[in-house]
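Undergrad: Compact mmCIF, C-alpha atoms and all ligand atoms, file work.txt:
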```txt
# COMPACT_ATOMS: atom_id res chain seq x y z
CA MET A 1 62.52 -77.63 119.40
CA LYS A 2 60.81 -80.97 119.92
CA PRO A 3 57.14 -81.15 118.89
CA LEU A 4 54.52 -80.84 121.62
CA ILE A 5 52.05 -83.71 121.28
CA GLY A 6 48.68 -83.70 123.03
CA ILE A 7 47.28 -87.04 124.19
CA THR A 8 43.57 -87.09 124.98
CA ALA A 9 42.69 -88.25 128.50
CA ASP A 10 40.37 -91.09 129.33
CA THR A 11 37.69 -90.47 131.95
CA ILE A 12 38.24 -93.02 134.68
CA ARG A 13 35.53 -93.67 137.25
CA GLU A 14 36.04 -95.30 140.61
CA GLN A 15 34.01 -98.39 141.43
CA PRO A 16 31.35 -97.81 142.61
CA PRO A 17 31.04 -94.88 140.17
CA SER A 18 31.44 -91.44 141.71
CA GLU A 19 31.58 -88.15 139.80
CA ARG A 20 33.59 -86.64 142.65
CA LEU A 21 36.30 -89.27 142.29
CA MET A 22 36.44 -89.25 138.49
CA LYS A 23 39.95 -88.97 137.05
CA TYR A 24 41.40 -87.78 133.77
CA GLY A 25 44.33 -89.93 132.79
CA GLN A 26 45.84 -92.13 130.17
CA SER A 27 48.02 -95.22 129.94
CA TYR A 28 51.73 -94.44 130.32
CA THR A 29 52.37 -96.35 127.07
CA TYR A 30 51.16 -93.41 124.93
CA SER A 31 53.50 -90.93 126.66
CA ASP A 32 56.41 -93.36 126.45
CA ALA A 33 55.82 -94.00 122.74
CA ILE A 34 55.80 -90.24 122.00
CA LEU A 35 58.91 -89.67 124.13
CA ALA A 36 60.75 -92.54 122.43
CA ALA A 37 59.87 -91.05 119.04
CA GLY A 38 61.32 -87.64 120.00
CA GLY A 39 58.16 -85.75 120.97
CA VAL A 40 57.08 -84.02 124.17
CA PRO A 41 53.82 -85.61 125.38
CA ILE A 42 51.16 -83.70 127.28
CA ILE A 43 47.91 -85.25 128.50
CA LEU A 44 44.84 -83.15 127.75
CA PRO A 45 42.11 -83.05 130.40
CA VAL A 46 38.47 -83.01 129.29
CA THR A 47 36.96 -79.53 129.38
CA LYS A 48 33.77 -77.83 128.23
CA ASN A 49 35.67 -74.53 127.97
CA ILE A 50 35.89 -73.82 124.23
CA GLU A 51 38.43 -71.03 124.73
CA GLN A 52 40.74 -73.43 126.58
CA VAL A 53 40.43 -75.97 123.76
CA ARG A 54 41.26 -73.29 121.20
CA ASP A 55 44.28 -72.08 123.22
CA VAL A 56 45.70 -75.58 123.69
CA SER A 57 45.06 -76.41 120.02
CA ILE A 58 47.26 -73.47 119.01
CA LEU A 59 50.08 -74.64 121.30
CA LEU A 60 50.10 -78.26 120.13
CA ASP A 61 52.05 -79.54 117.12
CA GLY A 62 49.97 -82.72 116.85
CA ILE A 63 47.38 -84.78 118.70
CA VAL A 64 47.02 -88.43 119.65
CA PHE A 65 43.34 -89.30 120.06
CA ALA A 66 43.74 -92.12 122.56
CA GLY A 67 41.69 -95.11 123.68
CA GLY A 68 38.98 -95.54 126.29
CA ASN A 69 35.29 -94.66 126.45
CA ASP A 70 32.82 -95.69 123.74
CA VAL A 71 31.60 -92.80 121.56
CA HIS A 72 27.99 -91.84 122.34
CA PRO A 73 25.81 -93.47 119.62
CA LYS A 74 23.62 -90.36 119.39
CA LEU A 75 26.57 -88.68 117.67
CA TYR A 76 25.93 -90.96 114.69
CA GLY A 77 22.17 -90.98 115.06
CA HIS A 78 21.71 -94.35 116.78
CA GLU A 79 20.10 -95.43 120.05
CA ILE A 80 22.38 -97.00 122.67
CA THR A 81 22.45 -100.77 122.15
CA GLY A 82 25.89 -102.25 122.80
CA ALA A 83 27.84 -99.11 123.72
CA ARG A 84 29.10 -98.87 127.31
CA ASN A 85 31.32 -96.64 129.41
CA ILE A 86 30.09 -93.56 127.51
CA ASP A 87 31.26 -90.04 128.34
CA LEU A 88 29.56 -87.41 126.19
CA ALA A 89 31.65 -84.58 127.68
CA ARG A 90 34.80 -86.35 126.48
CA ASP A 91 33.28 -86.88 123.04
CA GLN A 92 32.35 -83.20 122.70
CA HIS A 93 35.78 -82.07 123.93
CA GLU A 94 37.58 -84.33 121.47
CA LEU A 95 35.31 -83.34 118.57
CA ARG A 96 36.36 -79.72 119.17
CA LEU A 97 40.04 -80.69 119.35
CA LEU A 98 39.69 -82.73 116.17
CA GLY A 99 37.89 -79.90 114.37
CA ASN A 100 40.78 -77.56 115.26
CA ALA A 101 43.38 -80.12 114.13
CA LEU A 102 41.58 -80.62 110.82
CA SER A 103 41.21 -76.91 110.10
CA SER A 104 44.86 -76.19 110.99
CA ARG A 105 46.03 -79.43 109.31
CA LYS A 106 48.04 -80.49 112.35
CA PRO A 107 48.99 -84.18 112.37
CA VAL A 108 46.53 -86.60 113.98
CA LEU A 109 47.15 -90.14 115.17
CA ALA A 110 43.84 -91.70 116.26
CA ILE A 111 44.15 -94.92 118.24
CA CYS A 112 41.32 -97.41 118.98
CA ARG A 113 38.50 -95.18 120.30
CA GLY A 114 40.34 -92.37 118.49
CA LEU A 115 39.77 -94.08 115.13
CA GLN A 116 36.12 -94.60 116.04
CA LEU A 117 35.70 -90.95 117.04
CA LEU A 118 37.38 -89.85 113.80
CA ASN A 119 34.97 -91.97 111.75
CA VAL A 120 31.95 -90.58 113.62
CA ALA A 121 33.23 -86.99 113.36
CA MET A 122 33.46 -87.36 109.59
CA GLY A 123 30.00 -88.89 109.18
CA GLY A 124 30.49 -92.63 109.65
CA THR A 125 28.85 -95.11 112.05
CA LEU A 126 30.05 -97.82 114.45
CA TYR A 127 29.24 -101.36 115.39
CA GLN A 128 28.36 -100.83 119.06
CA ASP A 129 29.45 -104.33 120.02
CA ILE A 130 31.29 -106.52 117.50
CA ALA A 131 30.30 -109.82 119.14
CA THR A 132 26.60 -108.85 118.91
CA ASP A 133 26.55 -106.97 115.60
CA VAL A 134 29.02 -109.13 113.64
CA PRO A 135 28.59 -112.67 115.08
CA GLU A 136 30.94 -114.20 112.50
CA ALA A 137 33.80 -111.89 113.55
CA ILE A 138 36.92 -113.23 115.21
CA ASN A 139 37.82 -112.23 118.78
CA HIS A 140 39.01 -108.61 118.87
CA ASN A 141 39.15 -108.29 122.63
CA GLY A 142 42.53 -109.35 123.98
CA TYR A 143 41.27 -108.92 127.53
CA LYS A 144 39.24 -112.10 127.12
CA ARG A 145 42.40 -114.17 127.00
CA ASN A 146 44.69 -115.19 129.81
CA GLU A 147 48.01 -114.87 127.98
CA GLY A 148 48.61 -111.30 129.15
CA VAL A 149 48.35 -107.97 127.39
CA ASP A 150 51.39 -108.42 125.13
CA ILE A 151 49.80 -110.96 122.80
CA LEU A 152 49.32 -110.08 119.13
CA LEU A 153 45.76 -111.23 118.54
CA HIS A 154 45.26 -111.11 114.77
CA ASP A 155 46.81 -110.38 111.39
CA LEU A 156 46.41 -107.11 109.53
CA ASP A 157 46.17 -106.90 105.77
CA ILE A 158 47.38 -103.41 104.85
CA GLU A 159 46.67 -101.75 101.52
CA ARG A 160 49.76 -101.58 99.34
CA GLY A 161 50.86 -97.99 98.75
CA SER A 162 48.90 -96.59 101.70
CA ARG A 163 50.62 -94.18 104.05
CA LEU A 164 50.46 -96.86 106.76
CA ALA A 165 52.09 -99.52 104.56
CA ARG A 166 54.83 -97.10 103.55
CA ILE A 167 55.54 -96.17 107.18
CA LEU A 168 55.59 -99.75 108.47
CA GLY A 169 57.40 -101.05 105.39
CA THR A 170 54.98 -103.97 105.01
CA THR A 171 51.45 -104.95 103.98
CA ALA A 172 51.25 -107.83 106.46
CA ILE A 173 51.79 -107.45 110.21
CA GLN A 174 50.23 -108.71 113.42
CA SER A 175 48.51 -106.42 115.91
CA ASN A 176 47.12 -106.51 119.39
CA SER A 177 43.37 -105.90 119.66
CA PHE A 178 41.49 -104.49 122.64
CA HIS A 179 38.24 -103.26 121.13
CA HIS A 180 34.60 -104.32 121.27
CA GLN A 181 33.45 -101.66 118.79
CA ALA A 182 34.52 -101.09 115.18
CA ILE A 183 33.73 -99.04 112.08
CA ASP A 184 30.46 -100.00 110.39
CA ALA A 185 29.76 -97.36 107.70
CA LEU A 186 33.04 -95.71 106.77
CA ALA A 187 32.99 -91.91 106.62
CA PRO A 188 33.02 -90.66 103.01
CA SER A 189 36.25 -88.69 103.38
CA LEU A 190 38.17 -91.58 105.00
CA HIS A 191 39.90 -94.39 103.22
CA ALA A 192 40.20 -97.86 104.82
CA THR A 193 43.80 -99.08 104.68
CA ALA A 194 43.90 -102.20 106.87
CA TRP A 195 41.59 -105.08 107.68
CA ALA A 196 41.48 -107.99 110.12
CA PRO A 197 40.96 -111.48 108.61
CA ASP A 198 37.19 -111.14 109.21
CA GLY A 199 36.97 -107.89 107.22
CA ILE A 200 36.73 -105.54 110.22
CA ILE A 201 38.36 -102.19 109.32
CA GLU A 202 41.54 -101.78 111.34
CA ALA A 203 43.04 -98.56 109.91
CA VAL A 204 41.99 -95.44 108.02
CA GLU A 205 43.66 -92.41 106.50
CA THR A 206 42.87 -89.50 104.21
CA ASP A 207 43.85 -89.32 100.57
CA ASN A 208 45.29 -85.82 100.89
CA ASP A 209 48.69 -84.88 102.33
CA HIS A 210 47.38 -84.07 105.85
CA PHE A 211 48.96 -86.62 108.23
CA LEU A 212 45.83 -88.26 109.64
CA ILE A 213 45.97 -91.95 110.50
CA GLY A 214 43.47 -93.96 112.51
CA ILE A 215 44.47 -97.36 113.84
CA GLN A 216 42.17 -99.77 115.68
CA ALA A 217 45.04 -101.57 117.43
CA HIS A 218 47.15 -100.24 120.31
CA PRO A 219 50.62 -99.98 118.75
CA GLU A 220 51.82 -97.87 121.69
CA SER A 221 51.58 -100.91 123.95
CA ILE A 222 53.22 -103.45 121.63
CA PRO A 223 56.72 -104.03 123.04
CA THR A 224 59.57 -103.68 120.52
CA ARG A 225 60.80 -107.19 121.40
CA ILE A 226 57.48 -108.54 120.09
CA GLU A 227 57.07 -106.36 116.95
CA PRO A 228 59.54 -103.47 116.53
CA ARG A 229 57.99 -102.17 113.31
CA TRP A 230 55.03 -100.56 115.11
CA ARG A 231 57.44 -97.96 116.57
CA LYS A 232 57.87 -96.58 113.07
CA LEU A 233 54.31 -95.27 113.21
CA PHE A 234 55.12 -93.05 116.20
CA LYS A 235 58.38 -91.89 114.62
CA ALA A 236 56.58 -90.95 111.39
CA PHE A 237 53.84 -89.16 113.34
CA VAL A 238 56.25 -87.17 115.55
CA ASP A 239 58.40 -86.30 112.51
CA ALA A 240 55.27 -85.01 110.76
CA CYS A 241 54.65 -82.73 113.78
CA LEU A 242 58.07 -81.01 113.47
MN MN B 301 41.03 -105.92 116.01
```
Transcribe the structure of this file into structure tokens.
TA:
Amino acid sequence: MKPLIGITADTIREQPPSERLMKYGQSYTYSDAILAAGGVPIILPVTKNIEQVRDVSILLDGIVFAGGNDVHPKLYGHEITGARNIDLARDQHELRLLGNALSSRKPVLAICRGLQLLNVAMGGTLYQDIATDVPEAINHNGYKRNEGVDILLHDLDIERGSRLARILGTTAIQSNSFHHQAIDALAPSLHATAWAPDGIIEAVETDNDHFLIGIQAHPESIPTRIEPRWRKLFKAFVDACL
């Protein structure tokens, strides 16, 4: 049996915004990365139905907390300053999914917003807008550039001996970067394992043997011809879900 991997959906609003035309969906790159690593991907729609979340949590072998909406700042006790494209229903849905994954110790791979949600769920806080809150930071938003989405925007310095370094087989690698928020106060039970050159936290994990990795980059959308080592992260995650 191949492992069944849930991928959290983004809430996508039409322009002009319309609740009636809102969509639940996610970039094909997540599904393709899970398929290529030997898993069976399934995209998880947002729901307020706790029973549904519990049922789907039992079926899944692991969860990818995917990118998209900013986490509502009230979940870490702050007013909205730089956060945008907020969807509290998505936050609440994913917090329930995450709680179930933590209590059942099912593997978690938290990407971009996923890492931010993980940090908030465990008691940390976020920079709501890096450019505003950390003016000395480098550019972390690849969308600002015209070179296309495949560019690797900055270096990562990965902690030697961390789960991430062991999986990738290196402590120095380049990543893409499509985020305007980042971890400010790190949650007590998380361990930072990678940093951008400006000190922004780019990866986290736990110190126990539960497979739980958060990554600020989007490794699912880095083509193998540009940096093949990122595929090892998906392989290790799917293998952990077996
Ligand atoms: Mn970055």
Undergrad: Would you compute an axis-aligned box for segment 105-108 of chain A, covering every atom listed for it in the file with 8 Å of margin on each side, and report centre and edge lengths in Å to one decimal as AutoDock Vina command-line options?
TA:
```
--center_x 47.5 --center_y -83.0 --center_z 111.6 --size_x 19.0 --size_y 23.2 --size_z 20.7
```
Undergrad: Could you work out how far atom CA of Thr171 of chain A lies from atom CA of Asp157 of chain A, giving the answer in Å with one decimal?
TA: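 Going from atom CA of Asp157 of chain A over to atom CA of Thr171 of chain A covers 5.9 Å.
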Undergrad: Residues within 8 Å of ligand MN 301 (chain B), counting all atoms listed in the file: report them as a list in words.
TA: Asn139, His140, Asn141, Leu153, His154, Ser175, Asn176, Ser177, Phe178, His179, Ala196, Ile200, Glu202, Gln216 and Ala217 of chain A
Undergrad: Pick from A:Ala240, A:Val204, A:Ile111, A:Ile183: nearest to Ser221 of chain A, with all atoms listed in the file counted?
TA: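 Ranked by minimum distance to Ser221 of chain A, first place goes to A:Ile111.
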Undergrad: Report as JSON lines the residues of segment 115-221 of chain A within 12 Å of segment 22-42 of chain A, each with its shortest atom pair and distance in Å (one decimal), using all atoms listed in the file, ordered by chain and increasing residue number.
TA:
```
{"residue": "A:His218", "atom": "CA", "partner": "A:Tyr30", "partner_atom": "CA", "distance": 9.2}
{"residue": "A:Pro219", "atom": "CA", "partner": "A:Ala33", "partner_atom": "CA", "distance": 8.9}
{"residue": "A:Glu220", "atom": "CA", "partner": "A:Tyr30", "partner_atom": "CA", "distance": 5.6}
{"residue": "A:Ser221", "atom": "CA", "partner": "A:Thr29", "partner_atom": "CA", "distance": 5.6}
```
Undergrad: As an exercise, work out the distance from atom CA of Val71 of chain A to atom CA of Leu117 of chain A in Å and give it to one decimal place.
TA: 6.4 Å
Undergrad: Could you please determine the separation between atom CA of Pro107 of chain A and atom CA of Gly62 of chain A in Å, to one decimal place?
TA: 4.8 Å
Undergrad: Would you pick out the contacts of Leu95 of chain A at 12 Å or less, using only C-alpha atoms, so that residues sharing its chain but fewer than 5 positions from it are not included, and give the list as a CSV table (one decimal) with C-alpha atoms, keeping the file's coordinate frame?
TA:
```csv
chain,number,residue,atom,x,y,z
A,8,THR,CA,43.6,-87.1,125.0
A,46,VAL,CA,38.5,-83.0,129.3
A,47,THR,CA,37.0,-79.5,129.4
A,48,LYS,CA,33.8,-77.8,128.2
A,50,ILE,CA,35.9,-73.8,124.2
A,53,VAL,CA,40.4,-76.0,123.8
A,54,ARG,CA,41.3,-73.3,121.2
A,65,PHE,CA,43.3,-89.3,120.1
A,71,VAL,CA,31.6,-92.8,121.6
A,72,HIS,CA,28.0,-91.8,122.3
A,75,LEU,CA,26.6,-88.7,117.7
A,88,LEU,CA,29.6,-87.4,126.2
A,89,ALA,CA,31.6,-84.6,127.7
A,90,ARG,CA,34.8,-86.4,126.5
A,100,ASN,CA,40.8,-77.6,115.3
A,101,ALA,CA,43.4,-80.1,114.1
A,102,LEU,CA,41.6,-80.6,110.8
A,114,GLY,CA,40.3,-92.4,118.5
A,116,GLN,CA,36.1,-94.6,116.0
A,117,LEU,CA,35.7,-91.0,117.0
A,118,LEU,CA,37.4,-89.8,113.8
A,119,ASN,CA,35.0,-92.0,111.8
A,120,VAL,CA,32.0,-90.6,113.6
A,121,ALA,CA,33.2,-87.0,113.4
A,122,MET,CA,33.5,-87.4,109.6
```
Undergrad: So, counting all atoms listed in the file, which residue among A:Ser162, A:Gln15, A:Gln174, A:Gln181 is closest to Leu212 of chain A?
TA: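 Looking only at the distances to Leu212 of chain A, the closest residue turns out to be A:Ser162.
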Undergrad: Can you pull out every residue within 6 Å of Ile7 of chain A, counting only C-alpha atoms, but drop anything in the same chain fewer than 4 positions away, and send it as a list in words?
TA: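 With the cut-off at 6 Å, the set is Ile42, Ile43, Leu44, Ile63 and Val64 of chain A.
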Undergrad: Which is closer to Phe234 of chain A than all the others in A:Leu109, A:Asp70, A:Val134, A:Ile201, using only C-alpha atoms?
TA: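 Closest residue, counting only C-alpha atoms: A:Leu109.
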Undergrad: Leaving out Pro188 of chain A and any residue of its chain fewer than 2 positions from it, which residues lie within 8 Å of it when counting only C-alpha atoms, given as a ChimeraX atom specification?
TA: /A:122-124,186,190-191
Undergrad: So, with all atoms listed in the file as the atoms that count, which of A:His93, A:Lys74, A:Lys2, A:Arg13 lies closest to Leu60 of chain A?
TA: A:Lys2
Undergrad: Determine the nearest neighbour of Asn69 of chain A from the options A:Ser189, A:Thr224, A:Ser18, A:Asn85, counting only C-alpha atoms.
TA: A:Asn85
Undergrad: Which is closest to Leu233 of chain A among A:Leu164, A:Ile151, A:Ile158, A:Ile138, if we use only C-alpha atoms?
TA: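 Result for the nearest residue to Leu233 of chain A: A:Leu164.
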